[in-house]
Every structure is written in structure tokens, then in C-alpha cells.
file final22.csv (CSV, C-alpha atoms)
chain,number,residue,atom,x,y,z
Y,1,MET,CA,-26.0,22.4,18.3
Y,2,GLY,CA,-24.0,21.4,21.2
Y,3,GLU,CA,-20.5,19.8,21.3
Y,4,VAL,CA,-19.7,16.4,22.8
Y,5,ILE,CA,-16.3,16.3,24.5
Y,6,VAL,CA,-15.1,13.1,26.1
Y,7,ILE,CA,-12.6,13.2,29.0
Y,8,THR,CA,-10.3,10.2,28.9
Y,9,SER,CA,-6.9,8.9,30.0
Y,10,GLY,CA,-6.4,5.2,29.8
Y,11,LYS,CA,-4.8,5.0,33.2
Y,12,GLY,CA,-7.1,5.3,36.2
Y,13,GLY,CA,-6.6,7.9,39.0
Y,14,VAL,CA,-5.1,10.7,36.9
Y,15,GLY,CA,-8.0,13.1,37.4
Y,16,LYS,CA,-10.6,12.4,34.7
Y,17,THR,CA,-13.6,12.9,37.0
Y,18,THR,CA,-12.1,15.9,38.8
Y,19,THR,CA,-11.4,17.4,35.4
Y,20,THR,CA,-14.9,16.7,34.1
Y,21,ALA,CA,-16.4,18.3,37.2
Y,22,ASN,CA,-14.3,21.4,37.1
Y,23,LEU,CA,-14.5,22.0,33.3
Y,24,GLY,CA,-18.3,21.5,33.4
Y,25,THR,CA,-18.7,23.9,36.3
Y,26,GLY,CA,-16.4,26.4,34.7
Y,27,LEU,CA,-18.4,26.3,31.4
Y,28,ALA,CA,-21.6,26.8,33.4
Y,29,LEU,CA,-20.1,29.7,35.2
Y,30,SER,CA,-19.3,31.2,31.8
Y,31,GLY,CA,-23.0,31.1,31.0
Y,32,LYS,CA,-23.0,27.9,28.9
Y,33,LYS,CA,-25.7,25.2,29.2
Y,34,VAL,CA,-23.8,22.1,30.2
Y,35,VAL,CA,-24.5,18.4,30.9
Y,36,LEU,CA,-22.0,16.0,32.5
Y,37,ILE,CA,-22.4,12.4,31.6
Y,38,ASP,CA,-20.8,9.9,34.0
Y,39,ALA,CA,-20.0,7.0,31.6
Y,40,ASP,CA,-18.2,5.0,34.3
Y,41,ILE,CA,-20.9,2.5,34.9
Y,42,GLY,CA,-20.5,0.4,38.0
Y,43,LEU,CA,-17.9,2.8,39.5
Y,44,ARG,CA,-19.9,6.0,39.6
Y,45,ASN,CA,-18.1,8.9,41.2
Y,46,LEU,CA,-18.8,12.1,39.3
Y,47,ASP,CA,-22.0,12.6,41.4
Y,48,LEU,CA,-19.8,12.4,44.6
Y,49,VAL,CA,-17.2,14.8,43.3
Y,50,MET,CA,-19.9,17.2,42.3
Y,51,GLY,CA,-21.7,17.0,45.7
Y,52,LEU,CA,-24.9,15.7,44.0
Y,53,GLU,CA,-24.8,12.1,45.3
Y,54,ASN,CA,-28.0,12.5,47.4
Y,55,ARG,CA,-30.1,13.6,44.5
Y,56,ILE,CA,-30.0,10.6,42.1
Y,57,VAL,CA,-33.3,9.1,41.1
Y,58,TYR,CA,-32.6,7.7,37.6
Y,59,ASP,CA,-29.4,7.0,35.8
Y,60,LEU,CA,-27.8,6.6,32.4
Y,61,VAL,CA,-28.8,3.0,32.0
Y,62,ASN,CA,-32.4,3.8,32.9
Y,63,VAL,CA,-32.4,6.4,30.2
Y,64,VAL,CA,-31.0,4.2,27.4
Y,65,GLU,CA,-33.4,1.3,28.4
Y,66,GLY,CA,-36.3,3.6,28.2
Y,67,VAL,CA,-37.3,3.3,31.9
Y,68,CYS,CA,-37.5,7.1,32.1
Y,69,ARG,CA,-37.1,10.1,29.9
Y,70,ILE,CA,-33.8,12.0,29.8
Y,71,LYS,CA,-35.3,15.0,31.6
Y,72,GLN,CA,-36.3,12.8,34.5
Y,73,ALA,CA,-32.7,11.5,35.0
Y,74,LEU,CA,-30.9,14.8,34.7
Y,75,ILE,CA,-30.0,16.3,38.0
Y,76,LYS,CA,-30.0,20.1,38.0
Y,77,ASP,CA,-27.1,21.6,40.0
Y,78,LYS,CA,-28.8,24.3,42.0
Y,79,ARG,CA,-25.6,26.2,42.7
Y,80,TYR,CA,-24.6,26.8,39.1
Y,81,GLU,CA,-27.1,28.0,36.5
Y,82,GLY,CA,-27.2,25.8,33.4
Y,83,LEU,CA,-25.3,22.8,34.9
Y,84,TYR,CA,-26.8,19.3,34.8
Y,85,LEU,CA,-25.5,15.8,35.6
Y,86,LEU,CA,-26.6,12.4,34.1
Y,87,PRO,CA,-25.2,9.9,36.7
Y,88,ALA,CA,-23.9,6.4,35.9
Y,89,ALA,CA,-25.7,3.3,37.1
Y,90,GLN,CA,-23.9,1.8,40.1
Y,91,THR,CA,-25.2,-1.7,40.1
Y,92,ARG,CA,-24.8,-2.5,36.4
Y,93,ASP,CA,-21.8,-3.3,34.2
Y,94,LYS,CA,-20.2,-1.6,31.3
Y,95,ASN,CA,-22.1,-3.7,28.8
Y,96,ALA,CA,-25.4,-2.2,29.9
Y,97,VAL,CA,-25.0,0.5,27.3
Y,98,THR,CA,-24.0,0.1,23.6
Y,99,PRO,CA,-22.0,2.5,21.5
Y,100,ASN,CA,-25.2,3.1,19.3
Y,101,GLN,CA,-27.2,4.0,22.4
Y,102,MET,CA,-24.5,6.4,23.5
Y,103,VAL,CA,-24.5,8.1,20.1
Y,104,LYS,CA,-28.3,8.5,20.2
Y,105,LEU,CA,-28.2,9.9,23.7
Y,106,CYS,CA,-25.4,12.4,22.8
Y,107,ASP,CA,-27.3,13.5,19.7
Y,108,ASP,CA,-30.5,14.1,21.8
Y,109,LEU,CA,-28.6,16.1,24.3
Y,110,ARG,CA,-26.9,18.2,21.6
Y,111,GLU,CA,-30.3,19.8,20.8
Y,112,GLU,CA,-30.5,21.3,24.2
Y,113,PHE,CA,-27.0,21.9,25.6
Y,114,ASP,CA,-24.0,23.8,24.5
Y,115,TYR,CA,-21.6,21.3,25.9
Y,116,ILE,CA,-21.9,17.6,26.7
Y,117,LEU,CA,-18.9,16.4,28.8
Y,118,VAL,CA,-18.5,12.6,29.0
Y,119,ASP,CA,-16.5,11.3,32.0
Y,120,CYS,CA,-14.9,8.1,30.6
Y,121,PRO,CA,-14.0,5.0,32.6
Y,122,ALA,CA,-10.3,4.0,32.9
Y,123,GLY,CA,-9.1,1.3,30.5
Y,124,ILE,CA,-9.6,0.8,26.8
Y,125,GLU,CA,-12.3,-1.9,26.8
Y,126,GLN,CA,-16.1,-1.7,26.2
Y,127,GLY,CA,-16.8,1.1,28.7
Y,128,PHE,CA,-14.2,3.3,27.0
Y,129,LYS,CA,-15.6,2.4,23.6
Y,130,ASN,CA,-19.1,3.4,24.7
Y,131,ALA,CA,-17.9,6.6,26.2
Y,132,ILE,CA,-16.1,7.8,23.1
Y,133,ALA,CA,-18.8,6.7,20.7
Y,134,GLY,CA,-20.7,9.9,20.5
Y,135,ALA,CA,-17.8,12.3,21.0
Y,136,ASP,CA,-16.7,15.1,18.6
Y,137,ARG,CA,-13.6,16.0,20.6
Y,138,ALA,CA,-11.5,14.4,23.3
Y,139,ILE,CA,-9.4,15.7,26.2
Y,140,VAL,CA,-6.7,13.2,27.2
Y,141,VAL,CA,-5.7,13.6,30.9
Y,142,THR,CA,-2.2,12.5,31.9
Y,143,THR,CA,0.2,13.1,34.8
Y,144,PRO,CA,4.0,13.4,34.5
Y,145,GLU,CA,4.6,9.7,35.2
Y,146,VAL,CA,5.8,7.1,32.8
Y,147,SER,CA,2.7,4.8,33.2
Y,148,ALA,CA,0.2,7.6,32.7
Y,149,VAL,CA,2.0,9.0,29.6
Y,150,ARG,CA,2.3,5.5,28.1
Y,151,ASP,CA,-1.4,4.9,28.6
Y,152,ALA,CA,-2.2,8.3,27.2
Y,153,ASP,CA,-0.3,7.5,24.0
Y,154,ARG,CA,-2.3,4.3,23.6
Y,155,VAL,CA,-5.6,6.1,24.1
Y,156,ILE,CA,-4.5,8.8,21.6
Y,157,GLY,CA,-3.9,6.1,19.0
Y,158,ILE,CA,-7.3,4.6,19.6
Y,159,LEU,CA,-9.1,7.9,19.5
Y,160,GLU,CA,-7.5,8.8,16.2
Y,161,ALA,CA,-8.4,5.4,14.8
Y,162,ASN,CA,-12.0,6.2,15.8
Y,163,GLU,CA,-12.1,9.4,13.8
Y,164,ILE,CA,-11.8,11.6,16.9
Y,165,LYS,CA,-9.1,13.8,15.4
Y,166,LYS,CA,-6.7,16.1,17.3
Y,167,PRO,CA,-7.3,15.1,20.9
Y,168,MET,CA,-6.3,17.7,23.4
Y,169,LEU,CA,-3.8,17.0,26.1
Y,170,LEU,CA,-4.3,18.0,29.7
Y,171,ILE,CA,-1.3,17.5,32.0
Y,172,ASN,CA,-2.4,17.1,35.6
Y,173,ARG,CA,-0.6,17.2,39.0
Y,174,VAL,CA,2.5,19.0,37.8
Y,175,ARG,CA,5.0,19.8,40.6
Y,176,PRO,CA,7.1,22.7,39.4
Y,177,GLU,CA,9.8,22.3,42.1
Y,178,MET,CA,10.4,18.7,41.0
Y,179,VAL,CA,10.5,19.7,37.3
Y,180,LYS,CA,13.1,22.3,38.2
Y,181,LYS,CA,15.3,19.6,39.8
Y,182,GLY,CA,15.0,17.4,36.8
Y,183,ASP,CA,13.0,14.8,38.8
Y,184,MET,CA,9.7,15.2,36.9
Y,185,MET,CA,9.1,15.3,33.2
Y,186,SER,CA,8.3,18.9,32.1
Y,187,ILE,CA,5.4,20.0,30.0
Y,188,GLU,CA,7.7,20.2,27.0
Y,189,ASP,CA,9.0,16.7,27.6
Y,190,ILE,CA,5.5,15.2,27.6
Y,191,ILE,CA,4.3,17.1,24.5
Y,192,ASP,CA,7.5,16.0,22.8
Y,193,ILE,CA,6.6,12.4,23.5
Y,194,LEU,CA,2.9,12.4,22.8
Y,195,ALA,CA,3.0,15.0,20.0
Y,196,ILE,CA,-0.5,16.4,20.4
Y,197,ASP,CA,-1.8,19.9,21.2
Y,198,LEU,CA,-1.9,21.1,24.8
Y,199,ILE,CA,-5.2,22.4,26.3
Y,200,GLY,CA,-3.7,23.1,29.7
Y,201,VAL,CA,-1.7,22.2,32.7
Y,202,VAL,CA,-3.0,21.8,36.2
Y,203,PRO,CA,-0.6,21.9,39.2
Y,204,ASP,CA,-0.6,19.4,42.0
Y,205,ASP,CA,-2.7,21.3,44.5
Y,206,GLU,CA,-4.1,20.1,47.9
Y,207,ASN,CA,-7.1,22.4,47.4
Y,208,ILE,CA,-8.4,19.8,44.9
Y,209,ILE,CA,-8.6,17.2,47.7
Y,210,ILE,CA,-10.2,19.8,50.0
Y,211,SER,CA,-12.8,20.8,47.4
Y,212,THR,CA,-13.5,17.1,46.5
Y,213,ASN,CA,-14.0,16.4,50.2
Y,214,ARG,CA,-16.7,19.1,50.2
Y,215,GLY,CA,-18.2,18.3,46.8
Y,216,GLU,CA,-17.5,21.8,45.5
Y,217,PRO,CA,-15.4,22.0,42.3
Y,218,ALA,CA,-12.2,24.1,42.8
Y,219,VAL,CA,-12.9,26.0,39.7
Y,220,ALA,CA,-15.7,27.9,41.5
Y,221,GLU,CA,-13.5,29.4,44.2
Y,222,GLY,CA,-11.0,32.2,43.6
Y,223,LYS,CA,-8.0,31.2,45.5
Y,224,SER,CA,-6.6,27.8,44.4
Y,225,LEU,CA,-4.0,27.6,41.7
Y,226,ALA,CA,-5.6,24.4,40.3
Y,227,GLY,CA,-9.0,26.3,40.2
Y,228,GLN,CA,-7.3,29.1,38.2
Y,229,ALA,CA,-5.8,26.5,35.8
Y,230,TYR,CA,-9.2,24.9,35.3
Y,231,ARG,CA,-10.8,28.4,34.6
Y,232,ASN,CA,-8.1,29.0,31.9
Y,233,ILE,CA,-8.8,25.6,30.3
Y,234,THR,CA,-12.5,26.3,30.3
Y,235,ARG,CA,-11.8,29.5,28.4
Y,236,ARG,CA,-9.5,27.7,25.9
Y,237,LEU,CA,-12.3,25.1,25.4
Y,238,MET,CA,-14.6,27.9,24.3
Y,239,GLY,CA,-12.0,29.0,21.8
Y,240,GLU,CA,-10.2,31.8,23.7
Y,241,GLU,CA,-6.5,32.2,23.6
Y,242,VAL,CA,-5.2,32.2,27.2
Y,243,PRO,CA,-1.5,32.0,28.1
Y,244,LEU,CA,-0.3,29.1,30.2
Y,245,ILE,CA,-0.4,29.6,34.0
Y,246,ASN,CA,2.9,30.4,35.6
Y,247,LEU,CA,3.3,27.5,37.9
Y,248,ALA,CA,6.7,28.5,39.3
Y,249,GLY,CA,4.8,31.7,40.1
Y,250,HIS,CA,5.7,34.0,42.9
Y,251,ASP,CA,9.5,33.8,43.0
Y,252,GLY,CA,10.7,36.0,40.2
Y,253,PHE,CA,10.9,39.8,40.3
Y,254,LEU,CA,9.3,40.1,36.9
Y,255,SER,CA,6.3,38.0,37.8
Y,256,LYS,CA,5.9,40.0,41.1
Y,257,MET,CA,5.9,43.2,39.1
Y,258,LYS,CA,3.4,41.8,36.6
Y,259,LYS,CA,1.1,40.8,39.5
Y,260,LEU,CA,1.4,44.2,41.0
Y,261,LEU,CA,0.5,45.8,37.7
Y,262,GLY,CA,-2.4,43.4,37.2
Y,263,PHE,CA,-0.8,41.6,34.2
Y,264,GLU,CA,-0.7,38.3,35.9
Y,265,SER,CA,-1.1,35.6,33.3
Y,266,ALA,CA,-2.1,32.9,35.8
H,1,MET,CA,19.1,27.7,35.0
H,2,LEU,CA,19.2,24.4,36.9
H,3,GLU,CA,18.3,22.7,33.7
H,4,LEU,CA,21.3,24.3,31.9
H,5,PHE,CA,23.5,23.3,34.8
H,6,SER,CA,22.5,19.7,34.8
H,7,LYS,CA,23.1,19.6,31.0
H,8,LEU,CA,26.6,21.1,31.4
H,9,THR,CA,27.6,18.7,34.1
H,10,ARG,CA,26.0,15.8,32.1
H,11,ARG,CA,24.2,14.6,35.2
H,12,ARG,CA,21.4,12.2,34.1
H,13,THR,CA,18.4,13.3,36.0
H,14,SER,CA,15.6,10.8,36.8
H,15,LYS,CA,13.3,12.6,34.3
H,16,ASP,CA,15.9,12.0,31.5
H,17,VAL,CA,15.8,8.3,32.4
H,18,ALA,CA,12.0,8.4,32.4
H,19,LYS,CA,11.9,10.1,29.0
H,20,GLU,CA,14.3,7.7,27.4
H,21,ARG,CA,12.6,4.6,28.7
H,22,LEU,CA,9.2,5.9,27.6
H,23,LYS,CA,10.4,6.7,24.1
H,24,LEU,CA,11.7,3.2,23.7
H,25,VAL,CA,8.6,1.5,25.1
H,26,LEU,CA,6.3,3.7,22.9
H,27,ILE,CA,8.2,2.6,19.7
H,28,HIS,CA,7.2,-1.0,20.6
H,29,ASP,CA,3.6,0.0,21.6
H,30,ARG,CA,3.0,2.1,18.5
H,31,ALA,CA,4.4,-0.6,16.2
H,32,ASN,CA,2.3,-3.1,18.0
H,33,VAL,CA,5.2,-5.5,18.3
H,34,SER,CA,5.6,-7.9,21.2
H,35,PRO,CA,9.0,-9.1,22.6
H,36,GLN,CA,8.0,-12.6,21.5
H,37,PHE,CA,7.5,-11.4,18.0
H,38,LEU,CA,10.9,-9.8,18.0
H,39,GLU,CA,12.4,-13.0,19.3
H,40,MET,CA,10.8,-14.9,16.5
H,41,VAL,CA,12.2,-12.5,13.9
H,42,LYS,CA,15.6,-12.8,15.6
H,43,GLY,CA,15.5,-16.6,15.4
H,44,GLU,CA,14.7,-16.6,11.7
H,45,ILE,CA,17.4,-14.1,10.9
H,46,ILE,CA,20.0,-16.2,12.8
H,47,LYS,CA,19.0,-19.3,10.9
H,48,VAL,CA,19.4,-17.7,7.5
H,49,ILE,CA,22.7,-16.0,8.2
H,50,GLN,CA,24.2,-19.1,9.7
H,51,ASN,CA,24.0,-20.8,6.3
H,52,TYR,CA,26.6,-18.4,5.1
H,53,MET,CA,28.6,-17.2,8.1
H,54,GLU,CA,29.5,-18.0,11.6
H,55,ILE,CA,28.1,-15.3,13.9
H,56,ASP,CA,28.4,-14.4,17.5
H,57,GLU,CA,25.0,-15.2,18.8
H,58,GLU,CA,25.7,-13.9,22.3
H,59,SER,CA,26.4,-10.3,21.3
H,60,LEU,CA,23.7,-10.2,18.6
H,61,ASP,CA,21.4,-7.3,19.0
H,62,ILE,CA,18.1,-6.7,17.2
H,63,GLN,CA,15.8,-3.9,18.1
H,64,LEU,CA,13.1,-1.6,16.9
H,65,THR,CA,13.9,2.0,16.7
H,66,LYS,CA,12.9,5.2,14.9
H,67,THR,CA,14.3,6.7,11.8
H,68,THR,CA,13.4,9.6,9.6
H,69,SER,CA,11.4,8.5,6.6
H,70,GLU,CA,12.9,9.1,3.2
H,71,GLU,CA,9.6,10.4,1.9
H,72,GLY,CA,9.9,13.1,4.6
H,73,GLU,CA,6.8,11.8,6.5
H,74,GLY,CA,8.5,12.2,9.8
H,75,GLN,CA,9.5,9.3,12.1
H,76,VAL,CA,9.0,5.7,11.0
H,77,PRO,CA,9.8,2.5,12.8
H,78,ALA,CA,13.0,0.7,11.7
H,79,LEU,CA,14.5,-2.7,12.5
H,80,ILE,CA,18.1,-2.4,13.4
H,81,ALA,CA,20.3,-5.5,13.6
H,82,ASN,CA,23.9,-5.6,14.9
H,83,ILE,CA,25.3,-9.0,14.1
H,84,PRO,CA,29.0,-9.6,14.8
H,85,ILE,CA,30.5,-12.1,12.3
H,86,LYS,CA,33.1,-14.6,13.5
H,87,SER,CA,33.9,-16.1,10.1
H,88,VAL,CA,32.5,-16.3,6.6
H,89,LYS,CA,31.7,-19.9,5.5
H,90,ASN,CA,32.9,-21.4,2.3
H,91,VAL,CA,29.6,-21.9,0.6
H,92,GLY,CA,28.6,-20.8,-2.9
H,93,ARG,CA,32.0,-19.3,-3.6

call {"tool": "encode", "arguments": {"input": "final22.csv", "output": "C-alpha cells"}}
result
Amino acid sequence: MGEVIVITSGKGGVGKTTTTANLGTGLALSGKKVVLIDADIGLRNLDLVMGLENRIVYDLVNVVEGVCRIKQALIKDKRYEGLYLLPAAQTRDKNAVTPNQMVKLCDDLREEFDYILVDCPAGIEQGFKNAIAGADRAIVVTTPEVSAVRDADRVIGILEANEIKKPMLLINRVRPEMVKKGDMMSIEDIIDILAIDLIGVVPDDENIIISTNRGEPAVAEGKSLAGQAYRNITRRLMGEEVPLINLAGHDGFLSKMKKLLGFESA
Amino acid sequence: MLELFSKLTRRRTSKDVAKERLKLVLIHDRANVSPQFLEMVKGEIIKVIQNYMEIDEESLDIQLTKTTSEEGEGQVPALIANIPIKSVKNVGR
């Protein structure tokens, strides 16, 4: 039986879609069978970030309305074995799907997939309620900004009220040099405020923009720091214990030695 | 090290300000209390107290904050009122 994980944030533009794309690809690269559901109806983007925008025939709304079978709507990602995308409808609105239909869809997909990742729309209205309806677990994405943290807090409250216990926190776009200067809230500061468990931290990394431009998730290439961070989060999702990435990285003597000896915990 | 330094020199960094503001606004968010609601409560409290004493309405301060629960269930919201008294009225004495 597969697990349904919703990726949500409250605030828009903090990296939900990028996170969904990278974690999904990461899980597939680890040999899991994964389907990504774009629940952001009307503002579909996961297909574009994944580089699968030219392959859409049917969408999520077609499936729940019975226009086609699930299998017909799933886009198989030819680059990564075991990775599929169920795209959102672009010309419909958030009310085109009901929470019950979403639960049914997730339950059907559970039979066949190890992980079902749901990319949630921003906001806390109907689209959000639909997206979380079938979820077992939730990842709350935030950035170290007051507005994103406040919205994350609100979303955490709603998730818990909807019996999605213990949401996991992903802090995105951290800039270590700003944290050092005291001009950006640190990981500890944000955990202190939101009081939930951390699944990982992703540094602000221009490689994300480059990989999004190309439609190739950063998690699949070796070099970028953000890609490394997403690989670690993928492993944590699968239950492994992985130490937090050293964002400040390459300056200290100790970390240099560690790298030299192959103990790098990145 | 820098963190320690800024603590020692008591320089308030922008992240300290952010954290403080966030904590305050979240108390209100979590308690689901609007500023209008708080104004209503404030108005009622003034009305009752004015029956017994003359107070300084200008410097009256009512806010929601957090306090440790006596049952040890962690932090709970609390209503704190700071009401300066000018004089006590001669009623009911």
C-alpha cells in the first residue's frame, strides 16, 4: 500500500512545485514507484517544472469526471523509471474536484504506487482542502520570511485539525551568509516558532532556476547543493536518518578535512 | 561566533525583530482573535471598572500574550491588562 504525501505551504511562491518535482524524482531514482498529482487546478505548473508539458492528453479533472481511466491520464516520465505525473486541468477551477473524489483517487493510486505526492495550491480555500483530503502525511514548505512562516503556522493548524498529524517542515531558500549576519531567521528560530519536526533544509541555489528552465529536476544532477539537499530529504522520507546538510560548507578546516576523508555529511 | 558577538553587544539584528513580531502575531492568529474583538473586550472592561474607579484610559494596555499553563500543558494564551488607576471612587464603601 502506497503512502499519500501532500506538499503544502499556505503562501504561494515558496517552492511547493519545485519540492514536489524534486522529491518525486528523488524517490523514483531510489527505485520507488511514484506518482505526482498536480492539484493546483487552473494554475498548472508541475508539468512545466518536470519538463513534461508537451505530453499532456488527459488531466485530473478528466479522471474524476470519468472521461478517461487513470492509466490514460498518467504521463510516464521516460527519463526516470517508475515516475508518473497526473497533471492538473488548466481551464477549470478549483471546484471541479471534490474532497471525496480526491480521497477515492488517492486510494486507487495507493494500490499501484509506493508514493503519491500531491502538489497543493497556495491558499487555504477549496483547492487546498481538496488537495489534503486524501493525504496520510504532509510536508509544509516555508522560507525564512515572516509572511511564509506565518502562513505555514496557519496551515499546520488546519492540517492538524484535519487529522493529518505531525506535518513535516521543509525550510527552503536559506541563505547561510545572511543567517550568520543575523539578517535571516535561522533553522532553529523557525523550528522554535512553528514547533514541528524538520524534514530538511534547502539552500537558496541558482541551480534550481537553471534546472527549472530546462525542465530537469536538480535532484537528478550531482553538483548543486540544493539537489544534494533534496536527495537527503528523499532518504529521510523513506525513513533513513541523514544528518543535515552543512550549508555554511567549505570554509572550515574541519569540514575540509571531512570532505577529504569522504565523511562529508552534505 | 558572530551570533555570540551580537548577543554580547546587544545589537538587535533584523532577524530578532522578525522573530519577535512573528511570535506576537502568531499568538493572535492561533487564538483566532481579531483586533476588533480585543477592542470590544477593552471597551467592556473600561465600562465596568469606571463604575468603581477613575482610570487613565490613554495609557491603558490590554493584550494577548502567552503564559505557562498551571497544569503543565505548555504555553497557553493569556489576557494581560495594565490599567493605571487615577483615583478610587466612593461607591459601595

call {"tool": "residues_around", "arguments": {"input": "final22.csv", "residues": "range 17-34 of chain H", "least_positions_apart": "3", "cutoff": "12 Å", "atoms": "all atoms listed in the file", "output": "MDAnalysis selection string"}}
result
(chainID Y and resid 144:158 182:195) or (chainID H and resid 11:14 37:41 63:67 75:79)

call {"tool": "write_last_selection", "arguments": {"input": "final22.csv", "atoms": "C-alpha atoms", "output": "mmCIF file, keeping the file's coordinate frame"}}
result
data_model
loop_
_atom_site.group_PDB
_atom_site.id
_atom_site.type_symbol
_atom_site.label_atom_id
_atom_site.label_comp_id
_atom_site.auth_asym_id
_atom_site.auth_seq_id
_atom_site.Cartn_x
_atom_site.Cartn_y
_atom_site.Cartn_z
ATOM 1 C CA PRO Y 144 4.000 13.400 34.500
ATOM 2 C CA GLU Y 145 4.600 9.700 35.200
ATOM 3 C CA VAL Y 146 5.800 7.100 32.800
ATOM 4 C CA SER Y 147 2.700 4.800 33.200
ATOM 5 C CA ALA Y 148 0.200 7.600 32.700
ATOM 6 C CA VAL Y 149 2.000 9.000 29.600
ATOM 7 C CA ARG Y 150 2.300 5.500 28.100
ATOM 8 C CA ASP Y 151 -1.400 4.900 28.600
ATOM 9 C CA ALA Y 152 -2.200 8.300 27.200
ATOM 10 C CA ASP Y 153 -0.300 7.500 24.000
ATOM 11 C CA ARG Y 154 -2.300 4.300 23.600
ATOM 12 C CA VAL Y 155 -5.600 6.100 24.100
ATOM 13 C CA ILE Y 156 -4.500 8.800 21.600
ATOM 14 C CA GLY Y 157 -3.900 6.100 19.000
ATOM 15 C CA ILE Y 158 -7.300 4.600 19.600
ATOM 16 C CA GLY Y 182 15.000 17.400 36.800
ATOM 17 C CA ASP Y 183 13.000 14.800 38.800
ATOM 18 C CA MET Y 184 9.700 15.200 36.900
ATOM 19 C CA MET Y 185 9.100 15.300 33.200
ATOM 20 C CA SER Y 186 8.300 18.900 32.100
ATOM 21 C CA ILE Y 187 5.400 20.000 30.000
ATOM 22 C CA GLU Y 188 7.700 20.200 27.000
ATOM 23 C CA ASP Y 189 9.000 16.700 27.600
ATOM 24 C CA ILE Y 190 5.500 15.200 27.600
ATOM 25 C CA ILE Y 191 4.300 17.100 24.500
ATOM 26 C CA ASP Y 192 7.500 16.000 22.800
ATOM 27 C CA ILE Y 193 6.600 12.400 23.500
ATOM 28 C CA LEU Y 194 2.900 12.400 22.800
ATOM 29 C CA ALA Y 195 3.000 15.000 20.000
ATOM 30 C CA ARG H 11 24.200 14.600 35.200
ATOM 31 C CA ARG H 12 21.400 12.200 34.100
ATOM 32 C CA THR H 13 18.400 13.300 36.000
ATOM 33 C CA SER H 14 15.600 10.800 36.800
ATOM 34 C CA PHE H 37 7.500 -11.400 18.000
ATOM 35 C CA LEU H 38 10.900 -9.800 18.000
ATOM 36 C CA GLU H 39 12.400 -13.000 19.300
ATOM 37 C CA MET H 40 10.800 -14.900 16.500
ATOM 38 C CA VAL H 41 12.200 -12.500 13.900
ATOM 39 C CA GLN H 63 15.800 -3.900 18.100
ATOM 40 C CA LEU H 64 13.100 -1.600 16.900
ATOM 41 C CA THR H 65 13.900 2.000 16.700
ATOM 42 C CA LYS H 66 12.900 5.200 14.900
ATOM 43 C CA THR H 67 14.300 6.700 11.800
ATOM 44 C CA GLN H 75 9.500 9.300 12.100
ATOM 45 C CA VAL H 76 9.000 5.700 11.000
ATOM 46 C CA PRO H 77 9.800 2.500 12.800
ATOM 47 C CA ALA H 78 13.000 0.700 11.700
ATOM 48 C CA LEU H 79 14.500 -2.700 12.500
#

call {"tool": "residues_near_point", "arguments": {"input": "final22.csv", "point": "(26.1, -20.4, 4.7)", "cutoff": "10 Å", "atoms": "only C-alpha atoms", "output": "VMD selection string"}}
result
chain H and resid 47 to 54 88 to 92

call {"tool": "atom_distance", "arguments": {"input": "final22.csv", "atom1": "CA of Pro176 in chain Y", "atom2": "CA of Leu117 in chain Y"}}
result
28.8 Å

call {"tool": "atom_distance", "arguments": {"input": "final22.csv", "atom1": "CA of Asn22 in chain Y", "atom2": "CA of Met102 in chain Y"}}
result
22.7 Å

call {"tool": "atom_distance", "arguments": {"input": "final22.csv", "atom1": "CA of Ala229 in chain Y", "atom2": "CA of Val202 in chain Y"}}
result
5.5 Å

call {"tool": "decode", "arguments": {"input": "final22.csv", "residues": "range 20-34 of chain H", "atoms": "N, CA and C atoms", "output": "mmCIF file, in the first residue's frame"}}
result
data_model
loop_
_atom_site.group_PDB
_atom_site.id
_atom_site.type_symbol
_atom_site.label_atom_id
_atom_site.label_comp_id
_atom_site.auth_asym_id
_atom_site.auth_seq_id
_atom_site.Cartn_x
_atom_site.Cartn_y
_atom_site.Cartn_z
ATOM 1 N N GLU H 20 10.459 38.300 16.909
ATOM 2 C CA GLU H 20 9.597 38.894 17.923
ATOM 3 C C GLU H 20 8.231 39.246 17.346
ATOM 4 N N ARG H 21 8.243 39.882 16.171
ATOM 5 C CA ARG H 21 6.977 40.283 15.539
ATOM 6 C C ARG H 21 6.146 39.062 15.189
ATOM 7 N N LEU H 22 6.837 38.040 14.667
ATOM 8 C CA LEU H 22 6.125 36.816 14.296
ATOM 9 C C LEU H 22 5.469 36.173 15.504
ATOM 10 N N LYS H 23 6.225 36.070 16.600
ATOM 11 C CA LYS H 23 5.701 35.417 17.795
ATOM 12 C C LYS H 23 4.432 36.101 18.268
ATOM 13 N N LEU H 24 4.451 37.423 18.223
ATOM 14 C CA LEU H 24 3.299 38.188 18.690
ATOM 15 C C LEU H 24 2.088 37.983 17.787
ATOM 16 N N VAL H 25 2.343 38.048 16.486
ATOM 17 C CA VAL H 25 1.221 37.940 15.543
ATOM 18 C C VAL H 25 0.649 36.521 15.572
ATOM 19 N N LEU H 26 1.503 35.532 15.839
ATOM 20 C CA LEU H 26 1.022 34.148 15.878
ATOM 21 C C LEU H 26 0.162 33.878 17.105
ATOM 22 N N ILE H 27 0.434 34.585 18.191
ATOM 23 C CA ILE H 27 -0.423 34.423 19.374
ATOM 24 C C ILE H 27 -1.859 34.798 19.000
ATOM 25 N N HIS H 28 -1.983 35.901 18.266
ATOM 26 C CA HIS H 28 -3.316 36.342 17.840
ATOM 27 C C HIS H 28 -3.912 35.363 16.833
ATOM 28 N N ASP H 29 -3.084 34.948 15.847
ATOM 29 C CA ASP H 29 -3.570 34.005 14.830
ATOM 30 C C ASP H 29 -4.082 32.726 15.478
ATOM 31 N N ARG H 30 -3.270 32.195 16.390
ATOM 32 C CA ARG H 30 -3.606 30.899 16.983
ATOM 33 C C ARG H 30 -4.830 31.000 17.879
ATOM 34 N N ALA H 31 -4.966 32.118 18.566
ATOM 35 C CA ALA H 31 -6.122 32.283 19.451
ATOM 36 C C ALA H 31 -7.354 32.675 18.652
ATOM 37 N N ASN H 32 -7.151 32.948 17.369
ATOM 38 C CA ASN H 32 -8.235 33.336 16.481
ATOM 39 C C ASN H 32 -8.948 34.596 16.981
ATOM 40 N N VAL H 33 -8.155 35.574 17.393
ATOM 41 C CA VAL H 33 -8.695 36.801 17.958
ATOM 42 C C VAL H 33 -8.348 37.978 17.055
ATOM 43 N N SER H 34 -9.365 38.750 16.678
ATOM 44 C CA SER H 34 -9.120 39.902 15.810
ATOM 45 C C SER H 34 -8.903 41.143 16.663
#
